[in-house]
Every structure is written in structure tokens, then in C-alpha cells.
file final.cif (mmCIF, C-alpha atoms)
data_coords
#
loop_
_atom_site.label_atom_id
_atom_site.label_comp_id
_atom_site.auth_asym_id
_atom_site.auth_seq_id
_atom_site.Cartn_x
_atom_site.Cartn_y
_atom_site.Cartn_z
CA MET D 1 -81.66 74.88 -0.59
CA LYS D 2 -79.94 71.63 -1.51
CA THR D 3 -76.54 70.80 -0.03
CA SER D 4 -74.15 68.01 -0.99
CA PHE D 5 -70.54 66.95 -0.46
CA ARG D 6 -67.94 65.87 -2.98
CA SER D 7 -64.22 65.65 -3.58
CA ALA D 8 -62.98 68.76 -5.32
CA SER D 9 -61.24 68.62 -8.66
CA GLU D 10 -58.44 70.74 -10.05
CA LEU D 11 -61.12 72.77 -11.85
CA ASP D 12 -62.35 73.94 -8.41
CA ALA D 13 -58.93 75.27 -7.27
CA GLY D 14 -59.62 78.92 -8.15
CA LYS D 15 -62.98 78.97 -6.36
CA ILE D 16 -61.49 77.19 -3.33
CA SER D 17 -58.64 79.71 -3.14
CA ILE D 18 -61.10 82.61 -3.19
CA LEU D 19 -63.30 80.96 -0.54
CA VAL D 20 -60.36 80.25 1.79
CA ASN D 21 -59.02 83.80 1.49
CA ARG D 22 -62.49 85.27 2.14
CA ALA D 23 -62.88 83.07 5.24
CA TYR D 24 -59.39 83.51 6.72
CA ARG D 25 -58.41 87.03 5.59
CA PRO D 26 -61.59 88.87 4.59
CA SER D 27 -62.11 92.59 4.12
CA ALA D 28 -63.50 94.38 7.18
CA HIS D 29 -67.13 94.36 5.92
CA GLU D 30 -67.03 90.63 5.13
CA ARG D 31 -65.68 89.20 8.37
CA GLY D 32 -67.30 86.14 9.86
CA TRP D 33 -66.35 84.74 13.25
CA THR D 34 -63.57 82.48 11.95
CA HIS D 35 -61.26 85.03 10.38
CA GLU D 36 -57.65 85.64 11.41
CA ALA D 37 -57.14 88.99 9.69
CA ASN D 38 -56.20 90.60 13.01
CA LEU D 39 -53.35 88.08 13.44
CA VAL D 40 -51.99 87.47 9.93
CA SER D 41 -51.84 89.63 6.81
CA GLY D 42 -51.70 88.61 3.16
CA GLN D 43 -53.32 85.76 1.32
CA ARG D 44 -53.98 82.47 3.11
CA THR D 45 -53.59 80.50 -0.12
CA THR D 46 -53.26 80.77 -3.88
CA GLU D 47 -54.79 78.76 -6.67
CA GLU D 48 -51.36 77.16 -7.25
CA GLN D 49 -51.12 76.11 -3.59
CA VAL D 50 -54.59 74.55 -3.76
CA LEU D 51 -53.62 72.71 -6.97
CA SER D 52 -50.58 71.26 -5.16
CA LEU D 53 -52.95 69.54 -2.70
CA PHE D 54 -54.30 67.23 -5.41
CA CYS D 55 -51.86 64.38 -4.91
CA SER D 56 -51.60 60.89 -3.45
CA ARG D 57 -53.23 60.44 -0.01
CA SER D 58 -54.51 64.01 -0.06
CA SER D 59 -57.98 65.30 -0.87
CA VAL D 60 -59.80 68.60 -0.87
CA LEU D 61 -63.46 68.18 -0.01
CA VAL D 62 -66.22 70.70 -0.65
CA LEU D 63 -69.74 71.34 0.56
CA ILE D 64 -71.99 72.58 -2.23
CA GLN D 65 -75.16 74.60 -1.64
CA ASP D 66 -77.24 74.65 -4.80
CA THR D 67 -74.30 75.07 -7.23
CA ASN D 68 -71.91 77.10 -5.05
CA ILE D 69 -68.96 75.89 -2.98
CA VAL D 70 -69.76 77.23 0.52
CA ALA D 71 -67.23 75.26 2.57
CA CYS D 72 -64.05 73.27 2.03
CA VAL D 73 -61.46 71.26 3.91
CA HIS D 74 -58.16 69.56 3.09
CA VAL D 75 -57.46 66.03 4.36
CA GLN D 76 -53.92 64.66 4.16
CA CYS D 77 -53.07 61.16 5.30
CA GLU D 78 -49.86 60.82 7.29
CA GLU D 79 -48.40 57.57 8.60
CA TYR D 80 -50.70 57.23 11.62
CA SER D 81 -53.20 60.06 11.30
CA ALA D 82 -55.10 62.35 9.00
CA VAL D 83 -54.23 66.03 9.08
CA ILE D 84 -57.26 68.23 8.60
CA GLY D 85 -56.58 71.74 7.40
CA MET D 86 -57.80 74.68 5.36
CA LEU D 87 -61.29 74.26 6.78
CA ALA D 88 -63.22 77.28 5.55
CA THR D 89 -66.83 78.39 5.30
CA ASP D 90 -67.93 81.33 3.19
CA PRO D 91 -68.36 84.30 5.59
CA GLY D 92 -71.89 84.89 4.29
CA CYS D 93 -72.82 81.28 5.12
CA GLN D 94 -71.30 80.98 8.58
CA MET D 95 -73.42 80.08 11.61
CA GLN D 96 -75.47 77.62 9.53
CA GLY D 97 -73.64 74.48 10.62
CA PHE D 98 -71.59 74.07 7.45
CA GLY D 99 -68.28 74.03 9.33
CA LYS D 100 -69.49 71.22 11.58
CA GLN D 101 -70.83 69.31 8.58
CA ILE D 102 -67.66 69.55 6.48
CA LEU D 103 -65.49 68.62 9.48
CA ASN D 104 -67.62 65.52 10.12
CA TYR D 105 -67.48 64.67 6.42
CA ALA D 106 -63.66 65.04 6.44
CA GLU D 107 -63.36 62.67 9.39
CA GLN D 108 -65.64 60.10 7.72
CA PHE D 109 -63.71 60.47 4.46
CA ALA D 110 -60.37 59.91 6.24
CA PHE D 111 -61.73 56.82 7.96
CA GLU D 112 -63.17 55.36 4.75
CA HIS D 113 -60.29 56.23 2.40
CA PHE D 114 -57.24 56.18 4.69
CA ALA D 115 -58.42 53.78 7.44
CA THR D 116 -57.43 56.23 10.17
CA THR D 117 -59.26 57.18 13.34
CA THR D 118 -56.68 59.72 14.53
CA PHE D 119 -57.03 63.32 13.36
CA LYS D 120 -54.78 66.33 13.81
CA ILE D 121 -55.64 69.96 13.29
CA SER D 122 -53.59 73.15 13.72
CA VAL D 123 -55.06 76.39 15.06
CA LEU D 124 -53.48 79.78 15.72
CA SER D 125 -53.06 79.77 19.51
CA PRO D 126 -54.81 83.14 20.13
CA ARG D 127 -57.97 81.79 18.41
CA THR D 128 -59.57 80.58 21.63
CA GLU D 129 -63.09 80.59 20.14
CA LEU D 130 -61.93 78.33 17.30
CA ILE D 131 -60.08 76.02 19.69
CA ALA D 132 -63.32 75.80 21.71
CA PHE D 133 -65.21 74.91 18.48
CA TYR D 134 -62.86 71.98 17.87
CA GLU D 135 -62.97 70.90 21.52
CA ARG D 136 -66.77 70.69 21.27
CA ARG D 137 -66.20 68.31 18.36
CA GLY D 138 -63.95 66.00 20.38
CA TYR D 139 -60.52 67.48 19.67
CA ALA D 140 -58.13 67.80 22.58
CA ARG D 141 -55.33 70.25 23.17
CA THR D 142 -52.00 68.45 23.11
CA GLY D 143 -49.87 71.25 24.52
CA GLU D 144 -47.80 71.08 21.33
CA MET D 145 -47.02 74.51 19.92
CA VAL D 146 -45.04 75.38 16.83
CA GLY D 147 -44.02 78.72 15.40
CA TYR D 148 -46.11 80.26 12.64
CA PRO D 149 -44.86 78.85 9.30
CA VAL D 150 -43.63 82.13 7.81
CA THR D 151 -41.86 80.40 4.90
CA ALA D 152 -44.98 78.45 3.84
CA GLY D 153 -46.36 81.38 1.82
CA ILE D 154 -49.62 81.55 3.77
CA GLY D 155 -49.36 85.09 5.11
CA GLU D 156 -47.25 87.22 7.40
CA PRO D 157 -47.89 87.35 11.15
CA ILE D 158 -49.01 90.72 12.49
CA VAL D 159 -48.61 89.49 16.07
CA HIS D 160 -45.04 88.97 17.29
CA GLY D 161 -44.26 85.37 18.29
CA LEU D 162 -47.46 83.94 16.82
CA GLN D 163 -47.80 80.22 17.63
CA VAL D 164 -49.82 77.39 16.13
CA GLU D 165 -51.41 74.89 18.53
CA ILE D 166 -51.90 71.23 17.58
CA LEU D 167 -55.15 69.49 18.57
CA THR D 168 -55.91 65.81 18.10
CA LYS D 169 -58.95 63.58 18.07
CA GLN D 170 -59.08 59.82 18.46
CA MET D 171 -62.27 57.98 17.60
CA GLU D 172 -63.33 54.40 17.08
CA LYS D 173 -65.40 55.10 14.00
CA PRO D 174 -66.82 58.37 12.65
CA SER D 175 -70.57 58.71 12.90
CA SER D 176 -72.68 58.72 9.76
#
call {"tool": "encode", "arguments": {"input": "final.cif", "output": "C-alpha cells"}}
result
Amino acid sequence: MKTSFRSASELDAGKISILVNRAYRPSAHERGWTHEANLVSGQRTTEEQVLSLFCSRSSVLVLIQDTNIVACVHVQCEEYSAVIGMLATDPGCQMQGFGKQILNYAEQFAFEHFATTTFKISVLSPRTELIAFYERRGYARTGEMVGYPVTAGIGEPIVHGLQVEILTKQMEKPSS
């Protein structure tokens, strides 16, 4: 099967929204290892929220297998770093390395388009297996915790006092 990367367009917003919701908040029979359905209820994103990401110094990137979007990530350039978020792999395609590939692509993209070598990512603090995934990719725990963004319209915490942990990565130049 052929895989490729590209920047998403507004025409992809509906498919990206469906992919992200399936990865983050799937039904019980669809759950891959990266879901957070036991921590947060409701949709992770909407098509409108994805459309709002298509703006200056912000890109949504996708990994295509054959003709299907199987992974995505959002890269937003801040003053001194790139924030990487909404990284999602289709539950049926997990454990095939797509998450690693799209993360690497996002870092390369941020370096090439935003000239940054500092990356930030936010992870729900109870997601120790996901934090370990990012640590294996060079991200470090900062000790910075923030409350779950209830007003952001990305779901309702099921767990009382849910926190989001910030991880960072500093690199000289992303690998090819």
C-alpha cells in the first residue's frame, strides 16, 4: 500500500473531524490504544473547529494510505515554538508506525516552514502510555500542568480534576 504526506485543505475538514473523533473518543468496539474515552466524553472536534485551524502560521497535515486519510496532526507556530496537537491515527491502522511518521513529518514541517526547533505537545496527565510514546520520541516532561480546557468545546471530563501535561522537545534539526 502506498503512503504519502500532504497539507490538508478545507475540503478534508469533515474527514479529519471523523478521524480525530474515532481516534480520541471511539465506540467500545473501535478502540485503539490512544483513545481517551474513559477520561473525556463527547466529541473531540467538529468540522467547524477543524476549518478554523486553516489560518496563518497553522497547518493540518495528513498521512494518506492509498486514497484514505489514516493519520493527521495540527501544527501551530507560536512566537518561539511549534505547538503540535490533534495527532490522530485511525484506530484500525494503529500499531503500524503511522503516529511516529506523522509526528516526525510535523516536526520537519515546522522546521522548514516556521524555522523552529522547539516543539510543545499537550497530553492528558493520566495517559502515561501516551506520555511514554512522546518521551521515546525525545519529548520531555516539563512539570507544567494546566486544567482541562472545558470551555474549548472538545469534550467534557469524566474524571474529576483532569489535568493536561505539557511536554517539550528541542532539536537542532529534524531528521529526514
call {"tool": "closest_residue", "arguments": {"input": "final.cif", "among": "D:Ile154, D:His113, D:Ser81, D:Glu129", "to": "Met171 of chain D", "atoms": "all atoms listed in the file"}}
result
D:Ser81
call {"tool": "atom_distance", "arguments": {"input": "final.cif", "atom1": "atom CA of Gly161 of chain D", "atom2": "atom CA of Tyr148 of chain D"}}
result
7.8 Å
call {"tool": "closest_atom_pairs", "arguments": {"input": "final.cif", "of": "segment 120-170 of chain D", "to": "segment 10-25 of chain D", "cutoff": "12 Å", "atoms": "all atoms listed in the file", "output": "tab-separated table"}}
result
residue	atom	partner	partner_atom	distance
D:Val123	CA	D:Tyr24	CA	11.8
D:Leu124	CA	D:Tyr24	CA	11.4
D:Arg127	CA	D:Tyr24	CA	11.9
D:Ile154	CA	D:Asn21	CA	9.9
D:Gly155	CA	D:Arg25	CA	9.3
D:Glu156	CA	D:Arg25	CA	11.3
D:Pro157	CA	D:Arg25	CA	11.9
call {"tool": "resolve_selection", "arguments": {"input": "final.cif", "expression": "the PyMOL selection byres ((chain D and resi 102-104) around 7)", "output": "ChimeraX atom specification"}}
result
/D:63,71-73,98-101,105-108
call {"tool": "resolve_selection", "arguments": {"input": "final.cif", "expression": "the PyMOL selection byres ((chain D and resi 64) around 9)", "output": "ChimeraX atom specification"}}
result
/D:2-6,62-63,65-71
call {"tool": "resolve_selection", "arguments": {"input": "final.cif", "expression": "the PyMOL selection byres ((chain D and resi 57) around 6)", "output": "JSON, numbers by chain"}}
result
{"D": [56, 58, 76, 77]}
call {"tool": "residues_around", "arguments": {"input": "final.cif", "residues": "Ile121 of chain D", "least_positions_apart": "2", "cutoff": "9 Å", "atoms": "all atoms listed in the file", "output": "count of residues only"}}
result
13
call {"tool": "atom_distance", "arguments": {"input": "final.cif", "atom1": "atom CA of Gly153 of chain D", "atom2": "atom CA of Leu51 of chain D"}}
result
14.3 Å
call {"tool": "atom_distance", "arguments": {"input": "final.cif", "atom1": "atom CA of Ala152 of chain D", "atom2": "atom CA of Glu135 of chain D"}}
result
26.3 Å
call {"tool": "axis_aligned_box", "arguments": {"input": "final.cif", "around": "segment 145-156 of chain D", "padding_each_side": "5 Å", "output": "lines of an AutoDock Vina configuration file"}}
result
center_x = -45.7
center_y = 80.9
center_z = 10.9
size_x = 17.8
size_y = 22.7
size_z = 28.1
call {"tool": "closest_residue", "arguments": {"input": "final.cif", "among": "D:Val164, D:Arg141, D:Leu61, D:Ser9", "to": "Thr89 of chain D", "atoms": "all atoms listed in the file"}}
result
D:Leu61
call {"tool": "closest_residue", "arguments": {"input": "final.cif", "among": "D:Ser52, D:Thr151, D:Met1, D:Tyr80", "to": "Ala115 of chain D", "atoms": "all atoms listed in the file"}}
result
D:Tyr80
call {"tool": "residues_around", "arguments": {"input": "final.cif", "residues": "Leu39 of chain D", "least_positions_apart": "4", "cutoff": "8 Å", "atoms": "only C-alpha atoms", "output": "list in words"}}
result
Pro157, Ile158, Val159 and Leu162 of chain D
call {"tool": "closest_residue", "arguments": {"input": "final.cif", "among": "D:Val60, D:Cys55, D:Leu87, D:Cys93", "to": "Leu130 of chain D", "atoms": "all atoms listed in the file"}}
result
D:Leu87
